[in-house]
Amino acid sequence: MRIFSTYYTAICILFLLFTPQHVQAQDIDSLYGVFSTSRGQVRIDAANEIVKYCYENEYVDSLIMLKTTDEEGFIHVTVHDAMGGYFMYEKENYLKSIDFLKLSLAYYEATRNAELVNLQKNNIGSNYARLGDYENAATYKMACYEWEKSVGDVIALSSTLNDLGVIYSQWQKPEMAIRFFEEAEMVERPLNRPLQYANRLAQLAREYLKVDAPKALQYIRDALQYDEKIESQALKEDRIAVHTCTMGDVNYELNDLDNATDCYRKALDFFEKQERPYYIANTLFLLGRLQKQTNRYSEAIATLRRCEQIADENHYLRIQLDASLLLSEIYSYLEPDAMSYYYSKKYNSIRDSIFSASTQQQINDFQVKYDTQQKEIEILRQQSEINRFRTRLLFFTGGIVALVLLLVMLVYAVMQRTRRNRELAEINAIKDKFFSIISHDLKNPAIAQRDALLMLTEYADKCNDATLSDYSRKLLKSADGLVDLLKNLLNWAQMQTGRMTYNPVPFNLLLALQPELIMARNMAERKEITLTTRTPRLAIVTGDQNMLMTVVRNLLVNAVKFTPTGGTVTLDISPTGKDAMHCVSTTYIVSITDTGIGMTRDELDKLYRIECQHTRPGTAGEQSSGLGLTVCRDLLHRHGSILHVESEVEIGSRFWFEI
């Protein structure tokens, strides 16, 4: 065995010595074999040749030259990234690409590199989609979507939204597909990238082809116009070929079969010259479908059999599925026999397994991956031993530092306790004053309701309908004021005791506001007040939905309460930033304006001081606790926002905040 190892190492060295300066594509597998089985500088040289080749062909973004002293995990992830890109872009062998990318993903997750984790999940999801495994593809892409949305990476988000649209389209869920494509187009539009924007338009064309062919035609024409703006000649030709194929689909749907045939053949010529097996197989399927439509069955069979061969060789499940169905239909029409049965059975088999693609391949590769992982674990174990030795050397110094820190923390704790006691004393003083105010406001409407109910009970038989109706309205007004006070009191108490949890999530502000607008509109109609709204067609914000709805509800109720009959209350939601016209802003201004009685400068100065607040009835005698605005201010503070106020006596008030 030792003699064989020495002999093999010598072969590896000779291989690297006589490797041409420009590595050929067929050498990559051999270089990876050298990397996997050799050690020392020979292994690193092989790794660098792989990385250099993939960088020169733009399969990886950066050129990293490795050294024998580099950490083992870093060496492996660099090579695995390159091999994943090589099999994805050059070989279009998506199963092998997934295997390499998953090894890289595990390393990035272990090192908590969120950006590279997202990149690898995106690549893995794209490979699963190309294989027809839409369940796994959607899982990986949705994880990317959530992360990119959270960090505001609009460039990556545009691509991920487009990929999700493709996945749901292939998964036969057109409504979701159109939704993702339209959002991708909206995000991409202001980024000024002709290549990407043309792709977004083309995807919309493909999806609208299922429901509105004329609209699809306009989208694909626009896409081809943007293709002409692409600076790189190679990329321009590639995109024009892909979108010409889509134009063929549109012409096919519009029954313009001659133009459809010309489009397919032009695209096929380009893909064959570029040796693009996936696009060749897909275009052959489309051409075979057209030949079947025009009853050229012999040509259709020949075309589809060639398509099937390429799809089988490269595991393109979706193309295999569609080609098998068409061949089954053609053979059944010509003469039902063993061939029609064969393709029908093949179609059913692929359809049943389309959501679990690559399972068998994963089982076959498990032993190889297991052995590789065991070797990597052993390397990591040895590295861990070295790290533990270093830790023991630093332990004594660390102990001294820990003791110093402990003393500092004790001093800090004493100072914090003193400060906290002082704050608690101040808070208790404010609470005492607050509860004295609340007890008065809570008692009066309750006593008024009791007295009214006693009078109704004693004199019910002597009251006419008008009197009963008047008492009912007064009771309802008193109850509304009491409910408003109790809600605000409960919100304030929960915030003060720390029991109101802050749970920020992205949500559609316009959809969430509908119940509050209905309630406010009913109040306004009872007072003959006009309630108007000015909002964009979509407003996705991040925050605690319950808290924000409490803020807007309080502001709307206050505006109606302090506006006289015939007045106006306006809710305005407007996006901010340079891209506001395209609705891609992440910040919105929410404004409630009224033409009510307004406030004096003294009232504005005391607006949030609990110890100075006093109740103020509405224009129709509505009850008011004077607490609602304090609750609104505190809830917005949890969101990092400020409640702004502008008011003039007898002119009106405007309350607004950013979210």
# chains A, B, ... in the order shown; residues from 1 in each chain; ligands from 1
$ residues_around --residues "Ser62 of chain A" --least-positions-apart "5" --cutoff "10 Å" --atoms "only C-alpha atoms" --output "MDAnalysis selection string"
chainID A and resid 51:52 54:56
$ write_last_selection --atoms "C-alpha atoms" --output "compact mmCIF listing (two decimals), in the first residue's frame"
# COMPACT_ATOMS: atom_id res chain seq x y z
CA VAL A 51 -10.43 27.77 -8.54
CA LYS A 52 -8.54 29.70 -11.22
CA CYS A 54 -13.80 28.58 -12.43
CA TYR A 55 -12.92 32.23 -11.78
CA GLU A 56 -11.80 32.82 -15.36
$ residues_around --residues "Leu517 of chain A" --least-positions-apart "6" --cutoff "9 Å" --atoms "only C-alpha atoms" --output "PyMOL selection string"
chain A and resi 531+553+556
$ write_last_selection --atoms "C-alpha atoms" --output "mmCIF file, in the first residue's frame"
data_model
loop_
_atom_site.group_PDB
_atom_site.id
_atom_site.type_symbol
_atom_site.label_atom_id
_atom_site.label_comp_id
_atom_site.auth_asym_id
_atom_site.auth_seq_id
_atom_site.Cartn_x
_atom_site.Cartn_y
_atom_site.Cartn_z
ATOM 1 C CA LEU A 531 -63.614 60.664 6.605
ATOM 2 C CA ARG A 553 -57.384 53.643 16.159
ATOM 3 C CA LEU A 556 -58.775 58.338 14.376
#
$ closest_residue --among "A:Trp656, A:Tyr297, A:Trp147, A:Tyr316" --to "Tyr331 of chain A" --atoms "only C-alpha atoms"
A:Tyr297
$ residues_around --residues "Glu658 of chain A" --least-positions-apart "6" --cutoff "10 Å" --atoms "only C-alpha atoms" --output "JSON, numbers by chain"
{"A": [573, 574, 575, 576, 587, 588, 589, 590, 591, 636, 639, 640, 641, 642, 643, 644]}
$ write_last_selection --atoms "N, CA and C atoms" --output "PDB file, in the first residue's frame"
ATOM      1  N   ILE A 573     -51.452  57.939   4.065  1.00  0.00           N
ATOM      2  CA  ILE A 573     -50.288  57.043   4.177  1.00  0.00           C
ATOM      3  C   ILE A 573     -49.470  57.222   2.911  1.00  0.00           C
ATOM      4  N   SER A 574     -48.246  57.693   3.051  1.00  0.00           N
ATOM      5  CA  SER A 574     -47.431  57.978   1.865  1.00  0.00           C
ATOM      6  C   SER A 574     -46.028  57.424   2.047  1.00  0.00           C
ATOM      7  N   PRO A 575     -45.484  56.761   0.995  1.00  0.00           N
ATOM      8  CA  PRO A 575     -44.110  56.245   1.070  1.00  0.00           C
ATOM      9  C   PRO A 575     -43.103  57.380   0.964  1.00  0.00           C
ATOM     10  N   THR A 576     -41.908  57.175   1.511  1.00  0.00           N
ATOM     11  CA  THR A 576     -40.860  58.186   1.460  1.00  0.00           C
ATOM     12  C   THR A 576     -39.688  57.664   0.670  1.00  0.00           C
ATOM     13  N   THR A 587     -40.133  52.886   4.217  1.00  0.00           N
ATOM     14  CA  THR A 587     -40.577  53.822   5.256  1.00  0.00           C
ATOM     15  C   THR A 587     -41.834  54.550   4.764  1.00  0.00           C
ATOM     16  N   TYR A 588     -42.816  54.667   5.657  1.00  0.00           N
ATOM     17  CA  TYR A 588     -44.068  55.329   5.312  1.00  0.00           C
ATOM     18  C   TYR A 588     -44.400  56.368   6.386  1.00  0.00           C
ATOM     19  N   ILE A 589     -45.039  57.475   5.963  1.00  0.00           N
ATOM     20  CA  ILE A 589     -45.561  58.471   6.896  1.00  0.00           C
ATOM     21  C   ILE A 589     -47.065  58.239   7.021  1.00  0.00           C
ATOM     22  N   VAL A 590     -47.522  58.015   8.251  1.00  0.00           N
ATOM     23  CA  VAL A 590     -48.948  57.839   8.549  1.00  0.00           C
ATOM     24  C   VAL A 590     -49.422  59.119   9.225  1.00  0.00           C
ATOM     25  N   SER A 591     -50.394  59.789   8.618  1.00  0.00           N
ATOM     26  CA  SER A 591     -50.836  61.097   9.098  1.00  0.00           C
ATOM     27  C   SER A 591     -52.354  61.110   9.251  1.00  0.00           C
ATOM     28  N   LEU A 636     -45.394  53.843  19.944  1.00  0.00           N
ATOM     29  CA  LEU A 636     -44.517  54.207  18.826  1.00  0.00           C
ATOM     30  C   LEU A 636     -43.048  54.217  19.254  1.00  0.00           C
ATOM     31  N   HIS A 639     -41.299  51.152  18.641  1.00  0.00           N
ATOM     32  CA  HIS A 639     -40.952  50.955  17.231  1.00  0.00           C
ATOM     33  C   HIS A 639     -39.822  51.891  16.787  1.00  0.00           C
ATOM     34  N   GLY A 640     -39.263  52.672  17.723  1.00  0.00           N
ATOM     35  CA  GLY A 640     -38.224  53.624  17.342  1.00  0.00           C
ATOM     36  C   GLY A 640     -38.780  54.818  16.588  1.00  0.00           C
ATOM     37  N   SER A 641     -40.080  55.112  16.776  1.00  0.00           N
ATOM     38  CA  SER A 641     -40.718  56.212  16.051  1.00  0.00           C
ATOM     39  C   SER A 641     -41.218  57.262  17.039  1.00  0.00           C
ATOM     40  N   ILE A 642     -41.552  58.438  16.513  1.00  0.00           N
ATOM     41  CA  ILE A 642     -41.991  59.567  17.341  1.00  0.00           C
ATOM     42  C   ILE A 642     -43.351  60.040  16.833  1.00  0.00           C
ATOM     43  N   LEU A 643     -44.260  60.356  17.773  1.00  0.00           N
ATOM     44  CA  LEU A 643     -45.555  60.930  17.418  1.00  0.00           C
ATOM     45  C   LEU A 643     -45.418  62.452  17.350  1.00  0.00           C
ATOM     46  N   HIS A 644     -45.569  63.010  16.154  1.00  0.00           N
ATOM     47  CA  HIS A 644     -45.465  64.451  15.939  1.00  0.00           C
ATOM     48  C   HIS A 644     -46.859  65.088  15.972  1.00  0.00           C
TER      49      HIS A 644
END
